[in-house]
$ cat work_18.cif   # mmCIF, C-alpha atoms
data_my_file
#
loop_
_atom_site.label_atom_id
_atom_site.label_comp_id
_atom_site.auth_asym_id
_atom_site.auth_seq_id
_atom_site.Cartn_x
_atom_site.Cartn_y
_atom_site.Cartn_z
CA MET U 50 -28.90 -13.58 -19.42
CA ALA U 51 -29.85 -17.14 -18.59
CA HIS U 52 -32.36 -17.54 -15.77
CA LEU U 53 -32.02 -20.30 -13.22
CA GLU U 54 -33.63 -21.57 -10.05
CA GLN U 55 -31.53 -23.86 -7.86
CA LYS U 56 -33.19 -26.66 -5.91
CA VAL U 57 -32.17 -26.53 -2.24
CA ASP U 58 -34.50 -29.18 -0.78
CA SER U 59 -37.30 -31.49 -1.89
CA THR U 60 -40.19 -33.00 0.09
CA PRO U 61 -42.27 -35.86 -1.35
CA VAL U 62 -46.00 -35.27 -0.85
CA PHE U 63 -47.78 -38.05 -2.76
CA GLU U 64 -46.89 -41.15 -4.76
CA GLY U 65 -49.67 -42.73 -6.79
CA LYS U 66 -49.87 -45.29 -9.56
CA ILE U 67 -49.05 -42.68 -12.23
CA LEU U 68 -48.17 -39.40 -10.54
CA ARG U 69 -45.71 -38.30 -7.91
CA VAL U 70 -46.00 -34.91 -6.24
CA ARG U 71 -43.26 -33.05 -4.38
CA VAL U 72 -42.62 -29.57 -3.01
CA ASP U 73 -39.17 -28.16 -3.75
CA ASP U 74 -37.48 -25.28 -1.97
CA VAL U 75 -35.57 -23.24 -4.55
CA LEU U 76 -33.15 -20.36 -4.53
CA LEU U 77 -34.08 -17.68 -7.06
CA GLU U 78 -31.55 -15.70 -9.08
CA ASN U 79 -32.04 -12.64 -6.84
CA GLY U 80 -31.12 -14.66 -3.73
CA THR U 81 -34.62 -15.12 -2.33
CA LYS U 82 -36.21 -18.49 -1.63
CA ALA U 83 -39.45 -19.86 -3.07
CA LYS U 84 -41.43 -23.10 -3.14
CA ARG U 85 -42.29 -25.03 -6.28
CA GLU U 86 -44.98 -27.71 -6.40
CA VAL U 87 -43.96 -30.32 -8.98
CA ILE U 88 -45.83 -33.24 -10.50
CA SER U 89 -43.65 -36.05 -11.84
CA HIS U 90 -45.17 -38.09 -14.64
CA PRO U 91 -43.36 -40.73 -16.76
CA GLY U 92 -44.48 -39.03 -19.98
CA GLY U 93 -46.35 -40.33 -22.94
CA VAL U 94 -46.56 -40.82 -26.68
CA CYS U 95 -49.11 -39.65 -29.23
CA VAL U 96 -49.35 -41.15 -32.73
CA LEU U 97 -50.87 -39.39 -35.73
CA ALA U 98 -51.64 -42.40 -37.94
CA VAL U 99 -52.75 -41.70 -41.51
CA ASP U 100 -54.14 -44.45 -43.74
CA GLU U 101 -53.94 -44.92 -47.53
CA ASN U 102 -57.06 -42.75 -47.97
CA ASP U 103 -55.44 -39.85 -46.08
CA GLU U 104 -57.72 -40.50 -43.13
CA VAL U 105 -56.51 -39.91 -39.58
CA LEU U 106 -57.20 -42.54 -36.93
CA LEU U 107 -58.74 -40.84 -33.91
CA VAL U 108 -60.23 -42.28 -30.75
CA ARG U 109 -63.25 -41.08 -28.81
CA GLN U 110 -63.19 -41.86 -25.12
CA PHE U 111 -64.54 -40.58 -21.84
CA ARG U 112 -62.08 -38.39 -19.95
CA TYR U 113 -63.01 -38.34 -16.30
CA PRO U 114 -61.40 -35.00 -15.27
CA PHE U 115 -63.59 -33.21 -17.84
CA GLY U 116 -66.68 -35.35 -17.37
CA ARG U 117 -67.12 -35.90 -21.10
CA GLU U 118 -65.94 -37.74 -24.16
CA LEU U 119 -63.05 -36.24 -26.08
CA ILE U 120 -61.72 -37.05 -29.53
CA GLU U 121 -57.96 -37.41 -29.68
CA LEU U 122 -55.12 -39.21 -31.39
CA PRO U 123 -54.12 -42.63 -30.07
CA ALA U 124 -51.77 -42.12 -27.16
CA GLY U 125 -50.50 -43.72 -24.02
CA LYS U 126 -48.37 -43.41 -20.94
CA LEU U 127 -44.74 -44.38 -20.88
CA GLU U 128 -43.44 -46.65 -18.19
CA TYR U 129 -40.54 -45.00 -16.33
CA GLY U 130 -37.44 -45.58 -18.51
CA GLU U 131 -39.37 -46.99 -21.52
CA ASP U 132 -38.30 -46.09 -25.07
CA HIS U 133 -40.89 -43.70 -26.50
CA ALA U 134 -40.71 -45.11 -30.04
CA ALA U 135 -41.57 -48.60 -28.75
CA CYS U 136 -44.37 -47.16 -26.64
CA GLY U 137 -45.83 -45.37 -29.67
CA ARG U 138 -45.87 -48.55 -31.74
CA ARG U 139 -47.48 -50.46 -28.87
CA GLU U 140 -50.14 -47.82 -28.19
CA LEU U 141 -51.13 -47.50 -31.85
CA GLU U 142 -51.75 -51.23 -32.07
CA GLU U 143 -53.45 -51.53 -28.68
CA GLU U 144 -55.89 -48.68 -29.29
CA THR U 145 -56.58 -48.94 -33.04
CA GLY U 146 -55.71 -52.49 -34.02
CA CYS U 147 -53.21 -51.19 -36.61
CA THR U 148 -49.47 -51.27 -37.03
CA ALA U 149 -47.51 -48.91 -39.27
CA GLU U 150 -44.75 -49.43 -41.79
CA THR U 151 -43.14 -46.04 -41.13
CA TYR U 152 -42.88 -43.73 -38.17
CA LEU U 153 -41.60 -40.17 -38.25
CA TYR U 154 -40.68 -38.50 -34.97
CA LEU U 155 -42.35 -35.08 -34.77
CA GLY U 156 -40.62 -34.14 -31.52
CA PRO U 157 -41.47 -33.67 -27.86
CA MET U 158 -44.02 -31.37 -26.30
CA TYR U 159 -44.21 -30.10 -22.72
CA PRO U 160 -47.97 -29.92 -22.02
CA THR U 161 -47.88 -28.10 -18.67
CA VAL U 162 -44.55 -26.35 -18.06
CA ALA U 163 -45.27 -24.49 -14.81
CA TYR U 164 -45.63 -27.49 -12.49
CA ASP U 165 -45.50 -30.79 -14.40
CA GLU U 166 -42.43 -32.68 -15.70
CA GLU U 167 -44.45 -34.66 -18.27
CA ILE U 168 -43.08 -34.84 -21.81
CA ILE U 169 -45.23 -36.23 -24.63
CA HIS U 170 -43.45 -37.53 -27.74
CA LEU U 171 -45.29 -37.02 -31.03
CA TYR U 172 -45.12 -39.39 -34.00
CA TYR U 173 -46.52 -39.50 -37.53
CA ALA U 174 -47.27 -43.03 -38.78
CA ALA U 175 -48.09 -44.22 -42.29
CA GLY U 176 -48.32 -47.49 -44.19
CA LEU U 177 -50.97 -48.83 -41.83
CA ARG U 178 -51.67 -52.54 -41.64
CA PRO U 179 -54.53 -54.21 -39.77
CA SER U 180 -53.62 -56.07 -36.62
CA ARG U 181 -55.63 -56.72 -33.46
CA GLN U 182 -56.87 -54.13 -30.98
CA LYS U 183 -55.65 -54.86 -27.43
CA LEU U 184 -57.31 -52.38 -25.09
CA ASP U 185 -56.14 -52.16 -21.49
CA GLU U 186 -58.51 -53.46 -18.82
CA GLY U 187 -61.05 -50.72 -18.12
CA GLU U 188 -60.28 -48.88 -21.39
CA PHE U 189 -63.25 -48.15 -23.63
CA LEU U 190 -63.03 -46.19 -26.88
CA ASP U 191 -64.37 -45.85 -30.39
CA ILE U 192 -62.08 -45.57 -33.41
CA LEU U 193 -62.85 -42.82 -35.91
CA ARG U 194 -61.38 -42.33 -39.37
CA ILE U 195 -61.54 -38.71 -40.43
CA PRO U 196 -59.96 -37.13 -43.54
CA PHE U 197 -56.75 -35.29 -42.63
CA SER U 198 -58.09 -31.98 -43.92
CA GLN U 199 -61.27 -32.37 -41.85
CA ALA U 200 -59.30 -33.26 -38.71
CA LEU U 201 -57.16 -30.17 -39.23
CA GLN U 202 -60.31 -28.06 -39.60
CA MET U 203 -61.67 -29.60 -36.41
CA VAL U 204 -58.58 -28.28 -34.60
CA LEU U 205 -59.15 -24.80 -36.01
CA ASP U 206 -62.88 -24.93 -35.18
CA GLY U 207 -62.23 -25.93 -31.55
CA GLN U 208 -63.71 -29.41 -31.91
CA LEU U 209 -60.48 -31.21 -31.00
CA LEU U 210 -59.52 -29.83 -27.60
CA ASP U 211 -56.66 -32.18 -26.70
CA ALA U 212 -53.32 -30.33 -26.92
CA LYS U 213 -51.20 -33.26 -28.14
CA THR U 214 -53.72 -33.96 -30.90
CA GLN U 215 -53.78 -30.31 -31.96
CA LEU U 216 -50.01 -29.99 -32.03
CA ALA U 217 -49.40 -33.24 -33.90
CA LEU U 218 -51.95 -32.32 -36.59
CA LEU U 219 -50.61 -28.77 -36.98
CA LYS U 220 -46.98 -29.94 -37.14
CA ALA U 221 -47.82 -32.64 -39.67
CA ASP U 222 -49.71 -30.12 -41.79
CA ALA U 223 -46.72 -27.77 -41.75
CA LEU U 224 -44.37 -30.62 -42.69
CA ARG U 225 -46.69 -31.68 -45.51
CA ARG U 226 -46.81 -28.13 -46.86
CA ALA U 227 -43.00 -28.05 -46.76
CA GLY U 228 -42.85 -31.36 -48.68
CA LYS U 229 -41.20 -33.22 -45.79
CA ILE U 230 -43.99 -35.78 -45.32
#
$ encode --input "work_18.cif" --output "structure tokens"
Amino acid sequence: MAHLEQKVDSTPVFEGKILRVRVDDVLLENGTKAKREVISHPGGVCVLAVDENDEVLLVRQFRYPFGRELIELPAGKLEYGEDHAACGRRELEEETGCTAETYLYLGPMYPTVAYDEEIIHLYYAAGLRPSRQKLDEGEFLDILRIPFSQALQMVLDGQLLDAKTQLALLKADALRRAGKI
């Protein structure tokens, strides 16, 4: 049996630069009503870029909500309606100063399914070429090059805590083992 909740009404609560928050009244499958708090986010893109030495390009930057630096794959926010492939190419170059010859779409991920509409699109990039880093105003990060096998071990050891980074590395590893990358 398919489960469904039907939106009856929606009340905007907050509209910021990136996020929008609303409270929806929904009708549940058993006929009762409930409220759902929903965050709207334009989504994002994450790029697992691997160089000719099988090193992964990672970035280390301060993440304010956690009060610490995190190591993660280059990534960025989509503008509403923006093509995610174009966003991935742009973000890779802006954050790492590299472009890639080939991109392989690894698929979407839903990072927080209970209350957030955000979708992050994952890419694998190879054939890297140097370009020019173009960080956004107020963006500060360090670029790290770590062997793929070491980055994968860092996921397993709990050193890479970012979900999109973990998933992209694990998917790429599975595709490599299957001979698809």
$ resolve_selection --input "work_18.cif" --expression "the PyMOL selection byres ((chain U and resi 215-224) around 10)" --output "number ranges by chain"
U: 95-97, 105, 121-122, 153, 155-158, 170-173, 197-198, 200-205, 207-214, 225-230
$ closest_residue --input "work_18.cif" --among "U:Leu76, U:Val87, U:Val57, U:Ala124" --to "Leu184 (chain U)" --atoms "all atoms listed in the file"
U:Ala124
$ resolve_selection --input "work_18.cif" --expression "the PyMOL selection byres ((chain U and resi 135) around 12)" --output "list in words"
Gly93, Val94, Cys95, Val96, Gly125, Lys126, Leu127, Glu128, Gly130, Glu131, Asp132, His133, Ala134, Cys136, Gly137, Arg138, Arg139, Glu140, Leu141, Glu142, Thr148, Tyr152, Tyr154, His170 and Tyr172 of chain U
$ atom_distance --input "work_18.cif" --atom1 "CA of Ala174 (chain U)" --atom2 "CA of Leu68 (chain U)"
28.5 Å
$ residues_near_point --input "work_18.cif" --point "(-44.9, -24.7, -4.1)" --cutoff "8 Å" --atoms "all atoms listed in the file" --output "list in words"
Val72, Asp73, Asp74, Ala83, Lys84, Arg85, Glu86 and Val87 of chain U
$ write_last_selection --input "work_18.cif" --atoms "C-alpha atoms" --output "PDB file, in the coordinates of the input"
ATOM      1  CA  VAL U  72     -42.620 -29.570  -3.010  1.00  0.00           C
ATOM      2  CA  ASP U  73     -39.170 -28.160  -3.750  1.00  0.00           C
ATOM      3  CA  ASP U  74     -37.480 -25.280  -1.970  1.00  0.00           C
ATOM      4  CA  ALA U  83     -39.450 -19.860  -3.070  1.00  0.00           C
ATOM      5  CA  LYS U  84     -41.430 -23.100  -3.140  1.00  0.00           C
ATOM      6  CA  ARG U  85     -42.290 -25.030  -6.280  1.00  0.00           C
ATOM      7  CA  GLU U  86     -44.980 -27.710  -6.400  1.00  0.00           C
ATOM      8  CA  VAL U  87     -43.960 -30.320  -8.980  1.00  0.00           C
TER       9      VAL U  87
END
$ closest_residue --input "work_18.cif" --among "U:Leu77, U:Ile169, U:Ile67, U:Ala163" --to "Glu54 (chain U)" --atoms "all atoms listed in the file"
U:Leu77
$ atom_distance --input "work_18.cif" --atom1 "CA of Tyr159 (chain U)" --atom2 "CA of Gly92 (chain U)"
9.3 Å
